[in-house]
Amino acid sequence: MFEQISGKEQASSMVETENLAEFNKETFGENEESEFDDKEILCVDCDQMFIWTVGEQIFFRDKGLKNPPKRCKSCKQAKNERLSAINAAQSAGIKQRIEVAVFCAKCREHTTVPFYPSQGRPVFCRSCFLEMNPSLLNGTDSDKD
């Protein structure tokens, strides 16, 4: 029933075990010189700091993701729910009106806009937008001649 293991096979088995232990240390950060540390990141939606853990960083690396997360878990979940609701409405043929709460880039007042703002571009409330584009109030377009 039991097989005799030769000295050669036993030595090979020990080398594989040592390689596995080394692999686990490098992969799961069990060594003292881990390449990852917990990082604090500012959420782009709620402006709160959140922790990007070592485990999450390893997951990102293993999946080939190059950029760190932009949103905390609750904001990411809220964004995914919004996108899911929009997709469901579009599939059902329902035209949805979007209203996104933002802060005006000029006066810092809370307002809503009928679109999802692009990251890195300023969003203005109605009064600041019209103040910067007075031709819209007059009904004239200075580009047309």
# chains A, B, ... in the order shown; residues from 1 in each chain; ligands from 1

call {"tool": "residues_around", "arguments": {"residues": "Ala101 of chain A", "least_positions_apart": "5", "cutoff": "12 Å", "atoms": "only C-alpha atoms", "output": "PyMOL selection string"}}
result
chain A and resi 45-46+109-117+123-125

call {"tool": "residues_around", "arguments": {"residues": "Thr53 of chain A", "least_positions_apart": "5", "cutoff": "9 Å", "atoms": "only C-alpha atoms", "output": "list in words"}}
result
Phe36, Asp37, Asp38, Lys39, Glu40 and Ile58 of chain A

call {"tool": "write_last_selection", "arguments": {"atoms": "N, CA and C atoms", "output": "PDB file, in the first residue's frame"}}
result
ATOM      1  N   PHE A  36       3.641  46.634  -0.800  1.00  0.00           N
ATOM      2  CA  PHE A  36       2.423  47.412  -0.627  1.00  0.00           C
ATOM      3  C   PHE A  36       2.245  47.835   0.829  1.00  0.00           C
ATOM      4  N   ASP A  37       1.649  49.001   1.004  1.00  0.00           N
ATOM      5  CA  ASP A  37       1.238  49.499   2.313  1.00  0.00           C
ATOM      6  C   ASP A  37      -0.168  50.060   2.145  1.00  0.00           C
ATOM      7  N   ASP A  38      -0.962  50.064   3.225  1.00  0.00           N
ATOM      8  CA  ASP A  38      -2.268  50.701   3.165  1.00  0.00           C
ATOM      9  C   ASP A  38      -2.078  52.162   2.770  1.00  0.00           C
ATOM     10  N   LYS A  39      -2.951  52.655   1.873  1.00  0.00           N
ATOM     11  CA  LYS A  39      -2.849  54.040   1.400  1.00  0.00           C
ATOM     12  C   LYS A  39      -4.175  54.755   1.621  1.00  0.00           C
ATOM     13  N   GLU A  40      -4.079  56.015   2.005  1.00  0.00           N
ATOM     14  CA  GLU A  40      -5.267  56.849   2.131  1.00  0.00           C
ATOM     15  C   GLU A  40      -5.488  57.576   0.812  1.00  0.00           C
ATOM     16  N   ILE A  58      -3.236  44.232  -3.979  1.00  0.00           N
ATOM     17  CA  ILE A  58      -2.812  42.961  -4.583  1.00  0.00           C
ATOM     18  C   ILE A  58      -3.846  42.514  -5.607  1.00  0.00           C
TER      19      ILE A  58
END

call {"tool": "select_by_dssp", "arguments": {"residues": "segment 29-121 of chain A", "states": "strand (DSSP E)", "output": "PyMOL selection string"}}
result
chain A and resi 39-42+49-52+100-103+110-113

call {"tool": "decode", "arguments": {"residues": "segment 36-77 of chain A", "atoms": "N, CA and C atoms", "output": "mmCIF file, in the first residue's frame"}}
result
data_model
loop_
_atom_site.group_PDB
_atom_site.id
_atom_site.type_symbol
_atom_site.label_atom_id
_atom_site.label_comp_id
_atom_site.auth_asym_id
_atom_site.auth_seq_id
_atom_site.Cartn_x
_atom_site.Cartn_y
_atom_site.Cartn_z
ATOM 1 N N PHE A 36 3.641 46.634 -0.800
ATOM 2 C CA PHE A 36 2.423 47.412 -0.627
ATOM 3 C C PHE A 36 2.245 47.835 0.829
ATOM 4 N N ASP A 37 1.649 49.001 1.004
ATOM 5 C CA ASP A 37 1.238 49.499 2.313
ATOM 6 C C ASP A 37 -0.168 50.060 2.145
ATOM 7 N N ASP A 38 -0.962 50.064 3.225
ATOM 8 C CA ASP A 38 -2.268 50.701 3.165
ATOM 9 C C ASP A 38 -2.078 52.162 2.770
ATOM 10 N N LYS A 39 -2.951 52.655 1.873
ATOM 11 C CA LYS A 39 -2.849 54.040 1.400
ATOM 12 C C LYS A 39 -4.175 54.755 1.621
ATOM 13 N N GLU A 40 -4.079 56.015 2.005
ATOM 14 C CA GLU A 40 -5.267 56.849 2.131
ATOM 15 C C GLU A 40 -5.488 57.576 0.812
ATOM 16 N N ILE A 41 -6.751 57.543 0.329
ATOM 17 C CA ILE A 41 -7.101 58.169 -0.940
ATOM 18 C C ILE A 41 -8.331 59.042 -0.712
ATOM 19 N N LEU A 42 -8.404 60.180 -1.407
ATOM 20 C CA LEU A 42 -9.539 61.086 -1.316
ATOM 21 C C LEU A 42 -10.585 60.683 -2.350
ATOM 22 N N CYS A 43 -11.819 60.422 -1.891
ATOM 23 C CA CYS A 43 -12.919 60.045 -2.783
ATOM 24 C C CYS A 43 -13.324 61.256 -3.623
ATOM 25 N N VAL A 44 -13.470 61.063 -4.945
ATOM 26 C CA VAL A 44 -13.816 62.164 -5.840
ATOM 27 C C VAL A 44 -15.276 62.580 -5.698
ATOM 28 N N ASP A 45 -16.123 61.721 -5.130
ATOM 29 C CA ASP A 45 -17.540 62.048 -4.994
ATOM 30 C C ASP A 45 -17.866 62.716 -3.664
ATOM 31 N N CYS A 46 -17.424 62.131 -2.554
ATOM 32 C CA CYS A 46 -17.815 62.646 -1.232
ATOM 33 C C CYS A 46 -16.705 63.425 -0.525
ATOM 34 N N ASP A 47 -15.535 63.524 -1.134
ATOM 35 C CA ASP A 47 -14.388 64.249 -0.561
ATOM 36 C C ASP A 47 -13.969 63.732 0.816
ATOM 37 N N GLN A 48 -14.197 62.449 1.080
ATOM 38 C CA GLN A 48 -13.766 61.818 2.327
ATOM 39 C C GLN A 48 -12.569 60.918 2.027
ATOM 40 N N MET A 49 -11.686 60.790 2.997
ATOM 41 C CA MET A 49 -10.542 59.892 2.837
ATOM 42 C C MET A 49 -10.999 58.451 3.078
ATOM 43 N N PHE A 50 -10.450 57.508 2.304
ATOM 44 C CA PHE A 50 -10.702 56.098 2.540
ATOM 45 C C PHE A 50 -9.394 55.330 2.390
ATOM 46 N N ILE A 51 -9.351 54.139 2.981
ATOM 47 C CA ILE A 51 -8.140 53.325 2.972
ATOM 48 C C ILE A 51 -8.187 52.330 1.817
ATOM 49 N N TRP A 52 -7.128 52.332 1.015
ATOM 50 C CA TRP A 52 -6.937 51.321 -0.029
ATOM 51 C C TRP A 52 -5.998 50.291 0.582
ATOM 52 N N THR A 53 -6.563 49.149 0.980
ATOM 53 C CA THR A 53 -5.808 48.170 1.745
ATOM 54 C C THR A 53 -4.799 47.412 0.890
ATOM 55 N N VAL A 54 -3.876 46.745 1.561
ATOM 56 C CA VAL A 54 -2.865 45.928 0.881
ATOM 57 C C VAL A 54 -3.552 44.845 0.052
ATOM 58 N N GLY A 55 -4.562 44.194 0.635
ATOM 59 C CA GLY A 55 -5.287 43.145 -0.090
ATOM 60 C C GLY A 55 -5.936 43.661 -1.357
ATOM 61 N N GLU A 56 -6.528 44.861 -1.297
ATOM 62 C CA GLU A 56 -7.139 45.459 -2.482
ATOM 63 C C GLU A 56 -6.082 45.806 -3.522
ATOM 64 N N GLN A 57 -4.915 46.261 -3.070
ATOM 65 C CA GLN A 57 -3.834 46.593 -3.997
ATOM 66 C C GLN A 57 -3.333 45.332 -4.707
ATOM 67 N N ILE A 58 -3.236 44.232 -3.979
ATOM 68 C CA ILE A 58 -2.812 42.961 -4.583
ATOM 69 C C ILE A 58 -3.846 42.514 -5.607
ATOM 70 N N PHE A 59 -5.135 42.666 -5.276
ATOM 71 C CA PHE A 59 -6.209 42.326 -6.207
ATOM 72 C C PHE A 59 -6.080 43.149 -7.483
ATOM 73 N N PHE A 60 -5.855 44.468 -7.349
ATOM 74 C CA PHE A 60 -5.698 45.338 -8.513
ATOM 75 C C PHE A 60 -4.518 44.880 -9.358
ATOM 76 N N ARG A 61 -3.391 44.575 -8.702
ATOM 77 C CA ARG A 61 -2.201 44.127 -9.424
ATOM 78 C C ARG A 61 -2.472 42.824 -10.169
ATOM 79 N N ASP A 62 -3.112 41.864 -9.485
ATOM 80 C CA ASP A 62 -3.380 40.569 -10.088
ATOM 81 C C ASP A 62 -4.337 40.662 -11.273
ATOM 82 N N LYS A 63 -5.249 41.619 -11.237
ATOM 83 C CA LYS A 63 -6.205 41.801 -12.335
ATOM 84 C C LYS A 63 -5.646 42.685 -13.449
ATOM 85 N N GLY A 64 -4.438 43.230 -13.233
ATOM 86 C CA GLY A 64 -3.807 44.065 -14.255
ATOM 87 C C GLY A 64 -4.340 45.489 -14.271
ATOM 88 N N LEU A 65 -4.987 45.916 -13.187
ATOM 89 C CA LEU A 65 -5.512 47.278 -13.118
ATOM 90 C C LEU A 65 -4.375 48.228 -12.771
ATOM 91 N N LYS A 66 -4.250 49.306 -13.507
ATOM 92 C CA LYS A 66 -3.109 50.210 -13.365
ATOM 93 C C LYS A 66 -3.381 51.391 -12.437
ATOM 94 N N ASN A 67 -4.635 51.860 -12.356
ATOM 95 C CA ASN A 67 -4.959 53.057 -11.590
ATOM 96 C C ASN A 67 -5.603 52.696 -10.255
ATOM 97 N N PRO A 68 -5.320 53.458 -9.210
ATOM 98 C CA PRO A 68 -5.961 53.205 -7.918
ATOM 99 C C PRO A 68 -7.439 53.610 -7.976
ATOM 100 N N PRO A 69 -8.249 53.153 -7.028
ATOM 101 C CA PRO A 69 -9.669 53.530 -7.043
ATOM 102 C C PRO A 69 -9.840 55.028 -6.801
ATOM 103 N N LYS A 70 -10.947 55.594 -7.330
ATOM 104 C CA LYS A 70 -11.234 57.016 -7.159
ATOM 105 C C LYS A 70 -12.312 57.230 -6.113
ATOM 106 N N ARG A 71 -13.104 56.184 -5.855
ATOM 107 C CA ARG A 71 -14.258 56.331 -4.981
ATOM 108 C C ARG A 71 -14.185 55.362 -3.808
ATOM 109 N N CYS A 72 -14.732 55.807 -2.671
ATOM 110 C CA CYS A 72 -14.855 54.913 -1.522
ATOM 111 C C CYS A 72 -15.907 53.849 -1.858
ATOM 112 N N LYS A 73 -16.011 52.829 -1.033
ATOM 113 C CA LYS A 73 -16.915 51.713 -1.336
ATOM 114 C C LYS A 73 -18.367 52.153 -1.445
ATOM 115 N N SER A 74 -18.824 53.034 -0.553
ATOM 116 C CA SER A 74 -20.230 53.448 -0.601
ATOM 117 C C SER A 74 -20.527 54.290 -1.844
ATOM 118 N N CYS A 75 -19.620 55.170 -2.234
ATOM 119 C CA CYS A 75 -19.820 55.976 -3.445
ATOM 120 C C CYS A 75 -19.733 55.113 -4.698
ATOM 121 N N LYS A 76 -18.851 54.121 -4.699
ATOM 122 C CA LYS A 76 -18.744 53.196 -5.837
ATOM 123 C C LYS A 76 -20.041 52.406 -5.989
ATOM 124 N N GLN A 77 -20.593 51.952 -4.866
ATOM 125 C CA GLN A 77 -21.853 51.213 -4.910
ATOM 126 C C GLN A 77 -22.983 52.109 -5.413
#
